[in-house]
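So this one's model-v3.txt, compact mmCIF, C-alpha atoms:
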# COMPACT_ATOMS: atom_id res chain seq x y z
CA MET A 30 -119.02 136.66 233.03
CA ALA A 31 -118.61 133.55 230.85
CA THR A 32 -120.31 131.19 233.28
CA THR A 33 -123.22 133.59 233.76
CA LEU A 34 -123.74 133.65 230.00
CA GLU A 35 -123.66 129.86 229.74
CA ASN A 36 -125.87 129.30 232.81
CA GLY A 37 -128.44 131.74 231.45
CA THR A 38 -128.60 130.35 227.93
CA ALA A 39 -128.81 126.77 229.23
CA GLY A 40 -131.69 127.73 231.49
CA ALA A 41 -133.47 129.57 228.67
CA TYR A 42 -132.98 127.17 225.76
CA LEU A 43 -132.62 123.58 227.05
CA GLY A 44 -135.52 121.14 227.23
CA ASP A 45 -137.56 120.73 230.41
CA GLU A 46 -136.01 117.35 231.28
CA ALA A 47 -132.49 118.76 231.10
CA VAL A 48 -133.37 121.85 233.15
CA GLU A 49 -134.93 119.69 235.87
CA ARG A 50 -131.78 117.52 236.00
CA ILE A 51 -129.19 120.27 235.83
CA PHE A 52 -130.73 123.03 237.92
CA GLN A 53 -131.86 120.95 240.90
CA GLY A 54 -130.34 121.43 244.33
CA PRO A 55 -129.66 124.41 246.60
CA ARG A 56 -126.83 125.91 244.52
CA MET A 57 -126.69 127.13 240.93
CA PRO A 58 -124.41 124.88 238.85
CA VAL A 59 -121.35 126.43 237.23
CA PHE A 60 -120.88 126.09 233.47
CA ALA A 61 -117.74 126.43 231.37
CA GLY A 62 -116.91 125.68 227.77
CA GLN A 63 -116.58 127.15 224.30
CA GLY A 64 -118.94 128.21 221.53
CA THR A 65 -116.43 128.29 218.66
CA ARG A 66 -114.25 125.71 216.83
CA PRO A 67 -116.97 123.05 216.78
CA GLY A 68 -116.66 119.37 217.49
CA THR A 69 -118.59 116.65 215.67
CA ALA A 70 -121.89 115.13 216.81
CA VAL A 71 -123.35 111.88 215.48
CA ARG A 72 -127.06 111.32 216.00
CA GLU A 73 -128.01 108.34 218.15
CA ASN A 74 -131.35 107.21 219.61
CA GLY A 75 -132.51 109.97 221.94
CA GLY A 76 -129.46 112.16 221.50
CA PHE A 77 -125.95 112.47 220.06
CA ARG A 78 -122.39 111.21 220.44
CA LEU A 79 -120.11 114.24 220.75
CA THR A 80 -116.37 114.26 219.98
CA GLY A 81 -113.95 117.15 219.69
CA GLN A 82 -111.37 119.42 221.23
CA TRP A 83 -111.99 123.00 222.31
CA GLY A 84 -110.00 125.86 223.83
CA PHE A 85 -110.59 128.90 226.03
CA ALA A 86 -113.02 127.19 228.44
CA SER A 87 -113.23 130.00 230.98
CA GLY A 88 -114.14 128.82 234.48
CA MET A 89 -113.44 125.13 233.82
CA PRO A 90 -111.62 124.51 237.16
CA HIS A 91 -114.86 125.43 238.98
CA ALA A 92 -117.44 123.92 236.61
CA GLN A 93 -119.89 121.04 236.95
CA TYR A 94 -121.17 121.27 233.35
CA VAL A 95 -119.57 122.09 230.00
CA HIS A 96 -121.12 124.01 227.09
CA SER A 97 -119.63 123.04 223.70
CA LEU A 98 -120.39 123.84 220.09
CA GLY A 99 -120.77 120.87 217.77
CA VAL A 100 -121.85 120.28 214.18
CA ILE A 101 -124.14 117.33 213.47
CA GLU A 102 -122.60 114.92 211.00
CA GLY A 103 -124.52 114.70 207.74
CA THR A 104 -126.62 117.84 208.26
CA GLY A 105 -124.12 120.58 209.15
CA GLU A 106 -126.49 121.84 211.84
CA ALA A 107 -124.67 123.64 214.67
CA ARG A 108 -125.85 123.01 218.21
CA ILE A 109 -124.71 123.69 221.76
CA PHE A 110 -124.20 120.49 223.79
CA ILE A 111 -124.27 120.45 227.59
CA THR A 112 -122.24 117.64 229.19
CA PRO A 113 -121.36 116.86 232.83
CA LEU A 114 -117.75 117.49 233.78
CA GLU A 115 -117.02 113.75 234.12
CA ASP A 116 -117.41 113.42 230.32
CA VAL A 117 -114.63 115.97 229.76
CA LYS A 118 -110.85 115.52 229.66
CA PRO A 119 -109.10 118.76 230.77
CA LEU A 120 -105.98 119.48 228.67
CA GLY A 121 -104.56 122.50 230.50
CA ASN A 122 -102.62 124.87 228.23
CA TRP A 123 -103.55 128.15 229.94
CA ASP A 124 -100.03 129.56 230.29
CA VAL A 125 -100.86 133.14 229.38
CA LEU A 126 -99.86 136.74 229.99
CA GLY A 127 -103.25 138.07 231.12
CA LEU A 128 -106.66 136.88 232.35
CA ARG A 129 -104.86 134.02 234.06
CA ALA A 130 -107.48 133.72 236.81
CA THR A 131 -110.16 132.71 234.28
CA GLY A 132 -108.61 129.26 234.00
CA SER A 133 -109.59 129.10 230.32
CA ILE A 134 -108.03 125.71 229.65
CA ASP A 135 -108.33 123.46 226.59
CA TYR A 136 -110.47 120.33 226.87
CA ALA A 137 -111.57 117.28 224.88
CA ILE A 138 -114.66 115.08 224.70
CA ASP A 139 -114.46 111.59 223.17
CA GLY A 140 -117.78 110.08 222.14
CA ALA A 141 -119.84 111.24 225.14
CA PHE A 142 -123.59 110.63 224.83
CA VAL A 143 -125.62 113.85 225.12
CA PRO A 144 -129.43 113.56 225.44
CA GLU A 145 -131.27 115.71 222.91
CA SER A 146 -132.88 117.74 225.72
CA GLN A 147 -129.34 118.81 226.74
CA THR A 148 -128.75 120.48 223.39
CA HIS A 149 -130.10 123.53 221.59
CA LEU A 150 -129.52 125.23 218.26
CA PHE A 151 -126.52 127.56 218.25
CA THR A 152 -128.71 130.18 216.57
CA GLN A 153 -131.65 129.70 218.95
CA ASP A 154 -133.24 133.03 219.88
CA GLU A 155 -136.67 131.95 221.10
CA PRO A 156 -136.36 131.10 224.81
CA LEU A 157 -138.43 128.39 226.45
CA ARG A 158 -138.22 130.37 229.68
CA GLY A 159 -136.67 133.64 230.83
CA GLY A 160 -137.01 137.27 229.76
CA ALA A 161 -136.71 139.23 226.55
CA ILE A 162 -132.90 139.33 226.70
CA TYR A 163 -132.78 135.68 225.63
CA ARG A 164 -134.21 136.62 222.24
CA LEU A 165 -130.75 138.01 221.50
CA GLY A 166 -129.29 134.54 221.02
CA VAL A 167 -125.98 133.28 222.37
CA LEU A 168 -123.65 135.51 220.34
CA ASP A 169 -125.26 138.87 221.08
CA GLN A 170 -125.47 137.96 224.75
CA ALA A 171 -121.71 137.31 224.63
CA LEU A 172 -121.24 140.81 223.19
CA ILE A 173 -123.06 142.49 226.08
CA CYS A 174 -121.09 140.35 228.56
CA HIS A 175 -117.74 141.37 227.08
CA SER A 176 -118.87 145.02 227.04
CA GLY A 177 -119.59 144.79 230.77
CA TRP A 178 -116.15 143.28 231.41
CA ALA A 179 -114.45 146.14 229.55
CA LEU A 180 -116.39 148.77 231.50
CA GLY A 181 -115.55 147.14 234.80
CA VAL A 182 -111.82 146.78 234.22
CA GLY A 183 -111.54 150.29 232.72
CA ARG A 184 -113.21 151.92 235.70
CA ARG A 185 -111.07 149.95 238.13
CA LEU A 186 -107.86 151.04 236.39
CA LEU A 187 -108.73 154.72 236.74
CA ASP A 188 -109.85 154.27 240.34
CA GLU A 189 -106.59 152.53 241.22
CA LEU A 190 -104.61 155.42 239.71
CA ILE A 191 -106.67 157.88 241.76
CA ARG A 192 -105.75 155.96 244.92
CA TYR A 193 -102.10 155.74 243.89
CA THR A 194 -101.68 159.47 243.23
CA GLY A 195 -103.74 160.49 246.27
CA ALA A 196 -101.54 158.46 248.61
CA ARG A 197 -98.48 160.35 247.34
CA SER A 198 -99.98 163.82 247.20
CA GLY A 199 -97.79 166.51 248.75
CA ARG A 200 -94.50 164.75 248.14
CA PRO A 201 -92.00 166.57 245.90
CA GLY A 202 -91.95 165.43 242.28
CA GLN A 203 -95.09 163.30 242.46
CA LEU A 204 -97.79 163.06 239.77
CA ALA A 205 -100.33 164.82 241.96
CA GLY A 206 -98.46 168.08 241.38
CA SER A 207 -98.01 167.70 237.61
CA ASP A 208 -100.09 169.85 235.28
CA ALA A 209 -99.37 167.46 232.39
CA PHE A 210 -100.68 164.51 234.41
CA HIS A 211 -103.82 166.44 235.34
CA ALA A 212 -104.59 167.08 231.66
CA ASP A 213 -103.82 163.49 230.64
CA PHE A 214 -106.00 162.08 233.39
CA ALA A 215 -108.88 164.30 232.27
CA ARG A 216 -108.50 163.00 228.71
CA ALA A 217 -108.43 159.37 229.91
CA GLU A 218 -111.50 159.89 232.06
CA ALA A 219 -113.37 161.58 229.21
CA ALA A 220 -112.43 158.85 226.72
CA PHE A 221 -113.58 156.12 229.08
CA ARG A 222 -116.86 157.85 229.90
CA ALA A 223 -117.57 158.51 226.22
CA ALA A 224 -117.03 154.83 225.38
CA LYS A 225 -119.21 153.87 228.34
CA ALA A 226 -121.95 156.21 227.11
CA LEU A 227 -121.91 154.54 223.68
CA VAL A 228 -122.24 151.10 225.29
CA HIS A 229 -125.20 152.23 227.41
CA GLU A 230 -126.87 154.06 224.53
CA THR A 231 -126.54 151.00 222.31
CA TRP A 232 -127.84 148.50 224.83
CA ASP A 233 -130.66 150.79 226.01
CA ASP A 234 -131.83 150.85 222.38
CA THR A 235 -131.48 147.07 222.19
CA GLU A 236 -133.50 146.59 225.37
CA ARG A 237 -136.33 148.80 224.10
CA THR A 238 -136.45 146.83 220.85
CA LEU A 239 -136.58 143.44 222.58
CA ASP A 240 -139.17 144.59 225.14
CA SER A 241 -141.43 145.73 222.28
CA GLY A 242 -141.35 142.24 220.79
CA ARG A 243 -139.18 143.23 217.80
CA ARG A 244 -135.78 141.91 216.77
CA LEU A 245 -132.59 143.86 216.13
CA ASP A 246 -132.10 145.20 212.63
CA VAL A 247 -128.76 145.18 210.81
CA ARG A 248 -127.75 148.65 212.05
CA GLN A 249 -128.45 147.69 215.66
CA GLU A 250 -126.38 144.51 215.21
CA THR A 251 -123.60 146.72 213.85
CA MET A 252 -123.76 149.03 216.84
CA VAL A 253 -123.57 146.29 219.48
CA ARG A 254 -120.39 145.08 217.79
CA LEU A 255 -118.98 148.58 217.35
CA ALA A 256 -119.71 149.58 220.95
CA LEU A 257 -117.80 146.55 222.24
CA ASN A 258 -114.89 147.08 219.85
CA HIS A 259 -114.67 150.77 220.76
CA VAL A 260 -114.83 150.34 224.53
CA THR A 261 -112.23 147.56 224.41
CA SER A 262 -109.76 149.64 222.39
CA THR A 263 -110.44 152.69 224.58
CA VAL A 264 -109.79 150.71 227.76
CA SER A 265 -106.52 149.42 226.31
CA GLU A 266 -105.39 153.04 225.89
CA VAL A 267 -106.52 153.84 229.42
CA ALA A 268 -104.53 150.83 230.67
CA ARG A 269 -101.36 152.07 228.96
CA PHE A 270 -101.80 155.51 230.53
CA VAL A 271 -102.42 154.10 234.02
CA TYR A 272 -99.49 151.69 233.77
CA ALA A 273 -97.11 154.42 232.59
CA SER A 274 -98.30 156.73 235.37
CA GLY A 275 -97.95 154.07 238.07
CA GLY A 276 -94.15 153.99 237.92
CA THR A 277 -92.45 151.20 239.84
CA SER A 278 -95.66 150.45 241.73
CA ALA A 279 -97.18 149.34 238.40
CA LEU A 280 -94.02 147.50 237.38
CA ARG A 281 -94.02 145.27 240.45
CA ASP A 282 -96.56 142.50 240.97
CA GLY A 283 -99.83 144.07 242.04
CA LEU A 284 -103.27 145.14 240.92
CA ILE A 285 -102.32 147.75 238.31
CA GLN A 286 -99.94 145.32 236.62
CA ARG A 287 -102.55 142.55 236.65
CA LEU A 288 -105.25 144.83 235.23
CA PHE A 289 -102.86 146.01 232.51
CA ARG A 290 -102.13 142.40 231.50
CA ASP A 291 -105.80 141.42 231.67
CA VAL A 292 -106.88 144.30 229.42
CA HIS A 293 -104.36 143.47 226.74
CA ALA A 294 -105.32 139.80 226.84
CA GLY A 295 -108.93 140.88 226.39
CA THR A 296 -108.13 142.92 223.30
CA ALA A 297 -107.11 139.68 221.55
CA HIS A 298 -110.61 138.21 221.85
CA ILE A 299 -112.37 137.48 218.57
CA THR A 300 -115.34 139.66 219.54
CA SER A 301 -113.12 142.76 219.50
CA GLY A 302 -110.91 141.91 216.53
CA PRO A 303 -110.01 144.17 213.58
CA GLN A 304 -112.24 142.25 211.16
CA VAL A 305 -115.30 143.24 213.18
CA LEU A 306 -114.31 146.91 213.12
CA ARG A 307 -113.83 146.84 209.33
CA GLU A 308 -117.21 145.20 208.83
CA CYS A 309 -118.87 147.77 211.09
CA GLY A 310 -117.35 150.58 209.04
CA ARG A 311 -118.53 148.99 205.80
CA GLU A 312 -122.12 148.76 207.03
CA LEU A 313 -122.14 152.25 208.58
CA ALA A 314 -120.80 153.73 205.33
CA GLY A 315 -123.67 152.21 203.38
CA LEU A 316 -121.43 149.76 201.52
CA ALA A 317 -123.19 146.55 202.59
CA PRO A 318 -126.72 146.90 201.16
CA ASP A 319 -129.01 143.92 201.71
CA GLN A 320 -126.39 142.16 203.82
CA SER A 321 -126.84 140.88 207.37
CA TRP A 322 -124.54 139.80 210.17
CA LEU A 323 -123.42 136.18 210.38
CA LEU A 324 -121.32 135.99 213.54
CA PHE A 325 -118.54 138.55 212.91
CA ALA A 326 -118.99 139.18 209.19
CA LEU A 327 -121.59 140.66 206.86
CA GLU A 328 -123.00 138.43 204.14

Please lay out the structure from this file as structure tokens.
Amino acid sequence: MATTLENGTAGAYLGDEAVERIFQGPRMPVFAGQGTRPGTAVRENGGFRLTGQWGFASGMPHAQYVHSLGVIEGTGEARIFITPLEDVKPLGNWDVLGLRATGSIDYAIDGAFVPESQTHLFTQDEPLRGGAIYRLGVLDQALICHSGWALGVGRRLLDELIRYTGARSGRPGQLAGSDAFHADFARAEAAFRAAKALVHETWDDTERTLDSGRRLDVRQETMVRLALNHVTSTVSEVARFVYASGGTSALRDGLIQRLFRDVHAGTAHITSGPQVLRECGRELAGLAPDQSWLLFALE
């Protein structure tokens, strides 16, 4: 999910020279990196010198290029800088409870030269190539990516519980014969599908707006954040139900346990944090007149 986002935005926003360099060859390059906690960039002839340390670089063990946020010294302008992996020092530090397979390690860059064509504004929302989705900008594209992750892991949890209970059907004392379990599963399925419906409704509206040549208004920006927050919290409840229902099969190392850990790691992501939910409620209640979204807050 993260590398697809970074590949797409690089292809849409970078200069022609950079795209010709980076996207040549028979295979699509893999990107990793981080778009928060910026480093510092100093302008130099034809480009910038980038220095900093970043965390949560999902996909770094597989990457050939790194996508990093930096602020230009003296101007405060925020840009995304694309550097080859050889300019990056991996720092490790991904000893975590969930989402371990993402390899989201910390990394550092010390004075690497980045040609200007390998950078773009962090707020860029006019693509040089690609479809209407790239008029969302980097952040809103991250929101749809995280929404897709939540839908995928939530559906897989319920499907795994279906397989677990079906394999034990007919045995005395198993969940398959429990009226209480039947009712609880129905509630979990309904909650997941309702959250999924909100995600699809929200992004269908977004797609229609972009295809018409318009940009999202404040309420639409609120809804893309709320839909992600809601589906993530719903899936965390689904995960708790599936884990509790899985008994010792969930306790031991296996898919249900891994999905449970992954979901609860995902709930800690900044895109689904409590501040975003509070800000959504403030805007929906009509208490943020004439304000607009700046990342995860209304101003």

Next item on the list: Excluding Arg184 of chain A and any residue of its chain fewer than 4 positions from it, enumerate the residues within 12 Å of it, using all atoms listed in the file, and give them as a list in words.
Entry: Gly177, Trp178, Ala179, Leu180, Asp188, Glu189, Leu190, Ile191, Ala217, Glu218, Ala219, Ala220, Phe221, Arg222, Ala224, Lys225, Val260, Thr263, Val264, Ser265, Val267, Ala268, Val271, Ile285, Leu288 and Val292 of chain A

Margin query: I'd like the interatomic distance between atom CA of Trp322 of chain A and atom CA of Tyr42 of chain A, to a tenth of an Å.
Written below: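 Computed distance, atom CA of Trp322 of chain A to atom CA of Tyr42 of chain A, equals 21.8 Å.
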
Next item on the list: Figure out the distance between atom CA of Ala86 of chain A and atom CA of Gly132 of chain A, please, to one decimal in Å.
Entry: 7.4 Å

Item checked: Among listed residues A:Ile162, A:His293, A:Phe210, A:Gly310, nearest Asp233 of chain A (using all atoms listed in the file) ->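 For Asp233 of chain A, the nearest of the given residues is A:Ile162.
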
Next item on the list: Work out how far apart atom CA of Leu313 of chain A and atom CA of Thr65 of chain A are and give it in Å to one decimal.
Entry: 26.6 Å

Item checked: Contacts of Phe52 of chain A within 12 Å, all atoms listed in the file, excl. fewer than 4 positions in-chain, as a list in words ->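 Skipping anything fewer than 4 positions along the chain leaves Asn36, Gly37, Ala39, Gly40, Ala41, Leu43, Gly44, Asp45, Glu46, Ala47, Val48, Arg56, Met57, Pro58, Val59, Phe60, Gln93 and Tyr94 of chain A.
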